[in-house]
>>> print(open('protein03.cif').read())   # mmCIF, C-alpha atoms
data_entry
loop_
_atom_site.label_atom_id
_atom_site.label_comp_id
_atom_site.auth_asym_id
_atom_site.auth_seq_id
_atom_site.Cartn_x
_atom_site.Cartn_y
_atom_site.Cartn_z
CA ARG A 1 0.00 0.00 0.00
CA ARG A 2 2.88 2.36 0.71
CA CYS A 3 4.43 1.49 -2.64
CA CYS A 4 1.17 2.16 -4.47
CA ARG A 5 0.83 5.53 -2.77
CA PHE A 6 4.42 6.45 -3.63
CA LEU A 7 3.84 5.57 -7.28
CA SER A 8 0.60 7.56 -7.38
CA TRP A 9 2.43 10.66 -6.15
CA HIS A 10 4.90 10.46 -8.99
CA LEU A 11 2.82 9.02 -11.84
CA SER A 12 -0.55 10.71 -11.45
CA ARG A 13 -1.46 13.95 -13.19
CA ARG A 14 -2.03 15.67 -9.89
CA HIS A 15 0.39 18.45 -9.06
CA TYR A 16 1.20 18.46 -5.36
CA SER A 17 2.15 21.65 -3.56
CA ASN A 18 5.77 21.66 -2.42
CA ILE A 19 6.78 25.32 -2.24
CA ARG A 20 7.16 26.90 1.21
CA LYS A 21 7.36 30.65 1.78
CA PRO A 22 7.25 31.02 5.58
CA CYS A 23 8.56 34.60 5.44
CA GLU A 24 6.21 35.74 2.64
CA ARG A 25 2.70 35.72 4.03
CA LEU A 26 -0.26 36.01 1.70
CA PRO A 27 -2.24 39.19 2.50
CA TYR A 28 -5.60 37.87 3.72
CA ARG A 29 -6.31 35.63 6.68
CA HIS A 30 -9.29 33.35 6.06
CA PHE A 31 -9.26 31.43 9.32
CA LYS A 32 -7.17 30.85 12.44
CA HIS A 33 -7.30 28.10 15.07
CA THR A 34 -5.19 26.94 17.99
CA SER A 35 -5.13 23.70 20.00
CA LYS A 36 -3.56 22.91 23.36
CA LEU A 37 -0.34 20.93 23.14
CA ILE A 38 -0.73 19.05 26.42
CA SER A 39 -3.97 17.19 26.95
CA ARG A 40 -4.68 15.25 30.12
CA ARG A 41 -7.68 13.33 28.86
CA GLY A 42 -8.19 9.78 30.09
CA GLU A 43 -5.11 7.80 31.10
CA SER A 44 -2.75 9.13 28.44
CA ASP A 45 0.98 8.91 29.18
CA ILE A 46 2.16 12.45 29.98
CA GLU A 47 5.68 11.65 28.72
CA LEU A 48 4.27 10.86 25.30
CA GLN A 49 2.31 14.12 25.41
CA TYR A 50 5.54 16.08 25.79
CA ASN A 51 7.31 13.94 23.19
CA LYS A 52 4.57 14.95 20.79
CA ILE A 53 5.84 18.53 20.88
CA THR A 54 9.18 17.44 19.42
CA ASN A 55 7.39 15.65 16.60
CA LEU A 56 5.11 18.61 15.89
CA LYS A 57 8.10 20.95 15.59
CA LEU A 58 9.46 18.71 12.84
CA VAL A 59 6.07 18.82 11.12
CA GLU A 60 6.12 22.62 11.41
CA ALA A 61 9.46 22.69 9.59
CA CYS A 62 7.88 20.74 6.70
CA LEU A 63 4.55 22.56 6.42
CA ASN A 64 4.87 26.12 7.67
CA GLY A 65 4.42 28.54 4.80
CA VAL A 66 3.42 25.99 2.15
CA VAL A 67 1.50 27.56 -0.72
CA ILE A 68 -1.35 25.71 -2.46
CA LYS A 69 -1.65 27.22 -5.92
CA PRO A 70 -4.80 27.05 -8.08
CA GLY A 71 -5.44 23.47 -9.15
CA GLU A 72 -2.81 22.03 -6.80
CA TYR A 73 -3.22 19.28 -4.22
CA PHE A 74 -1.91 19.35 -0.66
CA SER A 75 -0.82 16.01 0.84
CA PHE A 76 0.21 15.88 4.49
CA CYS A 77 2.25 12.69 4.05
CA TYR A 78 3.86 13.88 0.82
CA LEU A 79 5.25 17.00 2.49
CA VAL A 80 6.07 15.63 5.94
CA GLY A 81 7.51 12.32 4.77
CA LYS A 82 7.97 9.20 6.84
CA PRO A 83 8.52 9.82 10.57
CA SER A 84 11.68 8.03 11.70
CA TYR A 85 14.19 8.14 14.54
CA LYS A 86 16.87 9.03 11.99
CA ARG A 87 15.00 12.21 11.08
CA GLY A 88 14.62 13.20 14.75
CA PHE A 89 11.11 11.96 15.43
CA ILE A 90 10.61 10.26 18.80
CA ASP A 91 7.97 8.05 20.39
CA GLY A 92 4.58 9.64 20.92
CA MET A 93 1.05 8.36 21.30
CA GLN A 94 -0.40 6.55 18.28
CA LEU A 95 -3.97 5.34 17.91
CA SER A 96 -3.77 2.07 16.02
CA ASN A 97 -5.44 -1.34 15.94
CA GLY A 98 -7.98 -0.35 18.56
CA GLU A 99 -5.57 0.93 21.18
CA ALA A 100 -3.41 3.91 22.16
CA ARG A 101 0.26 2.91 22.12
CA ARG A 102 3.81 4.22 21.73
CA GLY A 103 5.11 4.77 18.23
CA VAL A 104 7.66 6.89 16.39
CA GLY A 105 6.11 10.15 15.25
CA GLY A 106 3.08 9.72 17.49
CA GLY A 107 1.04 12.86 18.03
CA ILE A 108 1.44 14.44 14.60
CA CYS A 109 -2.28 13.89 14.00
CA GLN A 110 -2.80 17.04 16.06
CA ALA A 111 -1.38 18.97 13.12
CA SER A 112 -3.51 17.17 10.54
CA ASN A 113 -6.59 17.70 12.74
CA LEU A 114 -5.92 21.43 12.82
CA LEU A 115 -5.25 21.66 9.07
CA HIS A 116 -8.45 19.78 8.29
CA TRP A 117 -10.39 22.19 10.49
CA LEU A 118 -8.85 25.16 8.68
CA ALA A 119 -9.75 23.65 5.30
CA LEU A 120 -13.39 23.19 6.32
CA HIS A 121 -13.59 26.97 6.78
CA SER A 122 -12.50 27.73 3.23
CA ALA A 123 -13.14 26.94 -0.43
CA LEU A 124 -10.51 24.19 -0.32
CA THR A 125 -12.03 20.74 -0.87
CA VAL A 126 -11.17 17.71 1.24
CA VAL A 127 -10.24 14.95 -1.20
CA GLU A 128 -9.07 12.41 1.35
CA LYS A 129 -9.55 12.23 5.10
CA ALA A 130 -9.68 9.30 7.50
CA ASN A 131 -11.13 9.12 10.99
CA HIS A 132 -9.81 7.00 13.82
CA SER A 133 -11.76 3.75 14.15
CA PHE A 134 -12.33 4.18 17.90
CA ASP A 135 -12.76 6.83 20.58
CA PRO A 136 -9.96 6.32 23.14
CA PHE A 137 -10.66 9.00 25.78
CA PRO A 138 -13.59 10.99 27.17
CA ASP A 139 -13.86 14.57 25.95
CA GLY A 140 -12.27 16.40 28.89
CA GLY A 141 -12.49 19.90 27.41
CA ARG A 142 -12.85 18.99 23.73
CA VAL A 143 -13.29 22.12 21.60
CA LEU A 144 -13.88 20.73 18.10
CA PRO A 145 -16.76 18.37 17.32
CA PHE A 146 -16.01 14.69 17.79
CA GLY A 147 -15.04 13.06 14.51
CA SER A 148 -13.76 16.24 12.86
CA GLY A 149 -10.12 15.13 13.07
CA ALA A 150 -7.92 13.60 10.36
CA ALA A 151 -5.90 10.47 11.10
CA ILE A 152 -2.43 10.05 9.61
CA PHE A 153 -0.42 6.86 9.09
CA TYR A 154 2.38 7.16 6.57
CA ASN A 155 1.68 7.16 3.79
CA TYR A 156 -1.60 5.58 2.81
CA ILE A 157 -3.75 7.18 5.52
CA ASP A 158 -3.39 10.79 4.51
CA LEU A 159 -5.01 14.21 4.54
CA VAL A 160 -5.34 15.45 0.96
CA LEU A 161 -6.78 18.85 0.03
CA HIS A 162 -7.44 20.39 -3.38
CA ASN A 163 -7.54 24.02 -4.41
CA PRO A 164 -10.29 24.32 -7.07
CA THR A 165 -10.20 28.15 -7.05
CA GLU A 166 -8.20 30.76 -8.94
CA ASP A 167 -6.65 31.99 -5.70
CA GLU A 168 -3.55 30.93 -3.80
CA TYR A 169 -3.83 29.57 -0.27
CA GLN A 170 -1.08 29.38 2.32
CA ILE A 171 -0.78 27.29 5.48
CA MET A 172 1.01 28.78 8.47
CA LEU A 173 1.80 26.39 11.32
CA HIS A 174 3.65 27.17 14.53
CA VAL A 175 4.36 25.24 17.73
CA ALA A 176 4.13 27.88 20.45
CA GLU A 177 4.86 27.42 24.15
CA GLU A 178 1.47 25.94 25.04
CA GLN A 179 -0.47 25.73 21.78
CA LEU A 180 -0.26 24.59 18.20
CA GLU A 181 -1.19 27.59 16.08
CA GLY A 182 -2.55 27.40 12.55
CA GLU A 183 -3.60 30.00 10.01
CA LEU A 184 -5.04 29.70 6.51
CA LEU A 185 -4.09 32.70 4.38
CA CYS A 186 -5.26 33.59 0.87
CA SER A 187 -4.34 35.91 -1.99
CA GLN A 188 -7.91 37.29 -2.02
CA PRO A 189 -10.30 38.33 0.76
CA ARG A 190 -12.83 35.81 2.03
CA GLU A 191 -16.26 36.10 0.38
CA CYS A 192 -18.20 33.62 2.56
CA SER A 193 -18.45 32.63 6.20
CA TYR A 194 -18.38 29.01 7.36
CA HIS A 195 -19.97 27.35 10.37
CA VAL A 196 -19.00 23.73 11.13
CA TYR A 197 -20.94 21.90 13.83
CA GLU A 198 -22.23 18.51 14.95
CA LYS A 199 -25.73 17.04 15.04
CA ALA A 200 -27.32 13.80 16.24
CA SER A 201 -24.61 13.16 18.84
CA ARG A 202 -25.21 10.05 20.97
CA PHE A 203 -23.79 6.94 22.60
CA ILE A 204 -25.56 3.74 21.56
CA LYS A 205 -25.16 0.12 22.61
CA LYS A 206 -24.78 -2.41 19.81
CA GLY A 207 -24.24 -5.93 21.00
CA GLU A 208 -21.42 -5.94 23.54
CA HIS A 209 -19.96 -2.59 22.52
CA ILE A 210 -20.79 1.07 23.03
CA TYR A 211 -20.56 3.25 19.92
CA ARG A 212 -20.27 7.01 19.66
CA GLU A 213 -22.16 8.51 16.75
CA ASN A 214 -22.65 11.97 15.32
CA GLU A 215 -22.87 13.95 12.12
CA ILE A 216 -20.62 16.84 11.04
CA TRP A 217 -22.41 19.60 9.13
CA ARG A 218 -21.30 22.83 7.47
CA ASP A 219 -23.29 25.97 6.69
CA ILE A 220 -21.91 28.45 4.17
CA SER A 221 -23.30 31.98 4.31
CA THR A 222 -22.61 35.38 2.82
CA LYS A 223 -19.90 37.24 4.67
CA HIS A 224 -22.02 40.38 4.94
CA ASN A 225 -25.65 40.78 5.89
CA VAL A 226 -28.35 40.53 3.27
CA GLY A 227 -31.09 42.47 4.98
CA ALA A 228 -30.89 41.92 8.73
CA PHE A 229 -28.80 38.73 8.63
CA PRO A 230 -26.25 36.92 6.48
CA LYS A 231 -27.84 34.82 3.74
CA ARG A 232 -27.28 31.06 4.01
CA LEU A 233 -25.97 29.75 0.71
CA SER A 234 -25.77 26.04 1.52
CA SER A 235 -26.01 23.50 4.31
CA GLU A 236 -24.42 20.08 3.89
CA GLN A 237 -23.59 16.98 5.88
CA LEU A 238 -19.86 16.38 5.62
CA TYR A 239 -19.37 13.22 7.67
CA ARG A 240 -21.29 10.63 9.64
CA ASN A 241 -19.28 8.97 12.41
CA SER A 242 -19.80 5.72 14.30
CA VAL A 243 -16.87 4.31 16.28
CA VAL A 244 -16.32 2.01 19.26
CA VAL A 245 -15.85 3.72 22.64
CA LYS A 246 -12.86 2.56 24.70
CA TYR A 247 -13.77 4.19 28.03
CA PRO A 248 -16.64 3.77 30.52
CA VAL A 249 -19.83 5.69 29.71
CA ALA A 250 -22.49 6.39 32.31
CA GLN A 251 -25.57 4.26 31.71
CA GLU A 252 -27.91 7.26 31.58
CA HIS A 253 -25.98 8.57 28.55
CA ILE A 254 -26.38 5.38 26.51
CA GLU A 255 -29.24 4.78 24.08
CA THR A 256 -30.35 1.23 23.45
#
>>> encode(input="protein03.cif", output="structure tokens")
Amino acid sequence: RRCCRFLSWHLSRRHYSNIRKPCERLPYRHFKHTSKLISRRGESDIELQYNKITNLKLVEACLNGVVIKPGEYFSFCYLVGKPSYKRGFIDGMQLSNGEARRGVGGGICQASNLLHWLALHSALTVVEKANHSFDPFPDGGRVLPFGSGAAIFYNYIDLVLHNPTEDEYQIMLHVAEEQLEGELLCSQPRECSYHVYEKASRFIKKGEHIYRENEIWRDISTKHNVGAFPKRLSSEQLYRNSVVVKYPVAQEHIET
């Protein structure tokens, strides 16, 4: 599968973005988001949480300032490459095969989660995005809707975006002292506003397992008021999630 992905990068007609201009910011900010670097949800290993910061700084060096030109594709794995000890990546937390475990490069999904969230608030289209197959920890201060993240496993589980517009987009990514900071810049001002939210959120028992389900929706509206309020241009369901829960859930919260 890795070989097939590698061949597709080099043999397909897609042109993947690979130019970084971290010191030449595009003039218009379309969206900004930050996420806490250290999360103490569930029984996560705090050492792996801090190791994640090292890995994210290496991701920053690969992605900060990348420009997505009209018609180009952005691939997280293509630009970041394979995490390895030789490249300076260290063990962090990986979610794989139904469990949270140590693994080289663990934690870089925090960057792909943030980039996916930025893309959902723009005209960029999400070509490829994978969700984790289970929910490992209770929310504990979750900000983004459950299921809005983007899993990464080099190189065939990837986050791929496409720029179908005539404008250039630029990703700015920075590991600050306590937060991962992301910005999506553009060569032209934003014409629409985006609202991404969840619906139909629930825990449900199926056989011997508890599943967490929800839907991710997006409303696109005019940036400025038409009359008293902005005019809604579209409302669409982006994703429908249903994954196994790996932590105890209070009985009163479970539907049967």
>>> axis_aligned_box(input="protein03.cif", around="region 89-106 of chain A", padding_each_side="8 Å", output="lines of an AutoDock Vina configuration file")
center_x = 1.6
center_y = 5.3
center_z = 18.7
size_x = 35.1
size_y = 29.3
size_z = 22.9
>>> resolve_selection(input="protein03.cif", expression="the PyMOL selection byres ((chain A and resi 58) around 12)", output="count of residues only")
32
>>> residues_around(input="protein03.cif", residues="Gly103 (chain A)", least_positions_apart="3", cutoff="6 Å", atoms="only C-alpha atoms", output="list in words")
Asp91, Gly92, Gln94 and Gly106 of chain A
>>> closest_residue(input="protein03.cif", among="A:Ile19, A:Ala200, A:Cys192, A:Ala250", to="Leu233 (chain A)", atoms="only C-alpha atoms")
A:Cys192
>>> closest_residue(input="protein03.cif", among="A:His30, A:Tyr50, A:Tyr73, A:Ile210", to="Ser12 (chain A)", atoms="all atoms listed in the file")
A:Tyr73
>>> closest_residue(input="protein03.cif", among="A:Arg190, A:His121, A:Lys86, A:Arg13", to="Arg29 (chain A)", atoms="all atoms listed in the file")
A:Arg190
>>> build_atoms(input="protein03.cif", residues="region 179-207 of chain A", atoms="N, CA and C atoms", output="mmCIF file, keeping the file's coordinate frame")
data_model
loop_
_atom_site.group_PDB
_atom_site.id
_atom_site.type_symbol
_atom_site.label_atom_id
_atom_site.label_comp_id
_atom_site.auth_asym_id
_atom_site.auth_seq_id
_atom_site.Cartn_x
_atom_site.Cartn_y
_atom_site.Cartn_z
ATOM 1 N N GLN A 179 0.543 26.034 22.781
ATOM 2 C CA GLN A 179 -0.470 25.730 21.780
ATOM 3 C C GLN A 179 0.154 25.495 20.412
ATOM 4 N N LEU A 180 -0.569 24.715 19.615
ATOM 5 C CA LEU A 180 -0.260 24.590 18.200
ATOM 6 C C LEU A 180 -1.132 25.609 17.475
ATOM 7 N N GLU A 181 -0.490 26.491 16.732
ATOM 8 C CA GLU A 181 -1.190 27.590 16.080
ATOM 9 C C GLU A 181 -1.232 27.375 14.577
ATOM 10 N N GLY A 182 -2.405 27.558 13.990
ATOM 11 C CA GLY A 182 -2.550 27.400 12.550
ATOM 12 C C GLY A 182 -3.331 28.544 11.942
ATOM 13 N N GLU A 183 -2.900 28.966 10.755
ATOM 14 C CA GLU A 183 -3.600 30.000 10.010
ATOM 15 C C GLU A 183 -3.742 29.542 8.561
ATOM 16 N N LEU A 184 -4.855 29.915 7.936
ATOM 17 C CA LEU A 184 -5.040 29.700 6.510
ATOM 18 C C LEU A 184 -5.140 31.080 5.869
ATOM 19 N N LEU A 185 -4.147 31.405 5.055
ATOM 20 C CA LEU A 185 -4.090 32.700 4.380
ATOM 21 C C LEU A 185 -4.477 32.527 2.917
ATOM 22 N N CYS A 186 -4.831 33.650 2.269
ATOM 23 C CA CYS A 186 -5.260 33.590 0.870
ATOM 24 C C CYS A 186 -4.819 34.855 0.143
ATOM 25 N N SER A 187 -4.730 34.760 -1.175
ATOM 26 C CA SER A 187 -4.340 35.910 -1.990
ATOM 27 C C SER A 187 -5.495 36.882 -2.195
ATOM 28 N N GLN A 188 -6.727 36.440 -1.870
ATOM 29 C CA GLN A 188 -7.910 37.290 -2.020
ATOM 30 C C GLN A 188 -8.726 37.264 -0.733
ATOM 31 N N PRO A 189 -9.486 38.312 -0.463
ATOM 32 C CA PRO A 189 -10.300 38.330 0.760
ATOM 33 C C PRO A 189 -11.386 37.267 0.725
ATOM 34 N N ARG A 190 -11.808 36.840 1.889
ATOM 35 C CA ARG A 190 -12.830 35.810 2.030
ATOM 36 C C ARG A 190 -14.195 36.374 1.655
ATOM 37 N N GLU A 191 -14.953 35.634 0.836
ATOM 38 C CA GLU A 191 -16.260 36.100 0.380
ATOM 39 C C GLU A 191 -17.409 35.470 1.159
ATOM 40 N N CYS A 192 -17.139 34.331 1.835
ATOM 41 C CA CYS A 192 -18.200 33.620 2.560
ATOM 42 C C CYS A 192 -17.764 33.365 3.992
ATOM 43 N N SER A 193 -18.729 33.057 4.830
ATOM 44 C CA SER A 193 -18.450 32.630 6.200
ATOM 45 C C SER A 193 -18.867 31.166 6.337
ATOM 46 N N TYR A 194 -18.175 30.445 7.207
ATOM 47 C CA TYR A 194 -18.380 29.010 7.360
ATOM 48 C C TYR A 194 -18.670 28.689 8.818
ATOM 49 N N HIS A 195 -19.637 27.820 9.021
ATOM 50 C CA HIS A 195 -19.970 27.350 10.370
ATOM 51 C C HIS A 195 -20.015 25.835 10.338
ATOM 52 N N VAL A 196 -19.097 25.196 11.087
ATOM 53 C CA VAL A 196 -19.000 23.730 11.130
ATOM 54 C C VAL A 196 -19.446 23.277 12.508
ATOM 55 N N TYR A 197 -20.349 22.302 12.556
ATOM 56 C CA TYR A 197 -20.940 21.900 13.830
ATOM 57 C C TYR A 197 -21.389 20.445 13.747
ATOM 58 N N GLU A 198 -21.766 19.892 14.912
ATOM 59 C CA GLU A 198 -22.230 18.510 14.950
ATOM 60 C C GLU A 198 -23.721 18.428 15.239
ATOM 61 N N LYS A 199 -24.336 17.330 14.769
ATOM 62 C CA LYS A 199 -25.730 17.040 15.040
ATOM 63 C C LYS A 199 -25.856 15.559 15.375
ATOM 64 N N ALA A 200 -26.972 15.198 15.965
ATOM 65 C CA ALA A 200 -27.320 13.800 16.240
ATOM 66 C C ALA A 200 -26.228 13.081 17.023
ATOM 67 N N SER A 201 -25.666 13.763 18.022
ATOM 68 C CA SER A 201 -24.610 13.160 18.840
ATOM 69 C C SER A 201 -25.216 12.226 19.882
ATOM 70 N N ARG A 202 -24.673 11.011 20.011
ATOM 71 C CA ARG A 202 -25.210 10.050 20.970
ATOM 72 C C ARG A 202 -24.234 8.904 21.203
ATOM 73 N N PHE A 203 -24.427 8.229 22.325
ATOM 74 C CA PHE A 203 -23.790 6.940 22.600
ATOM 75 C C PHE A 203 -24.876 5.873 22.456
ATOM 76 N N ILE A 204 -24.568 4.789 21.780
ATOM 77 C CA ILE A 204 -25.560 3.740 21.560
ATOM 78 C C ILE A 204 -24.917 2.373 21.740
ATOM 79 N N LYS A 205 -25.652 1.474 22.377
ATOM 80 C CA LYS A 205 -25.160 0.120 22.610
ATOM 81 C C LYS A 205 -25.556 -0.776 21.448
ATOM 82 N N LYS A 206 -24.561 -1.450 20.879
ATOM 83 C CA LYS A 206 -24.780 -2.410 19.810
ATOM 84 C C LYS A 206 -24.074 -3.701 20.182
ATOM 85 N N GLY A 207 -24.844 -4.695 20.540
ATOM 86 C CA GLY A 207 -24.240 -5.930 21.000
ATOM 87 C C GLY A 207 -23.497 -5.710 22.294
#
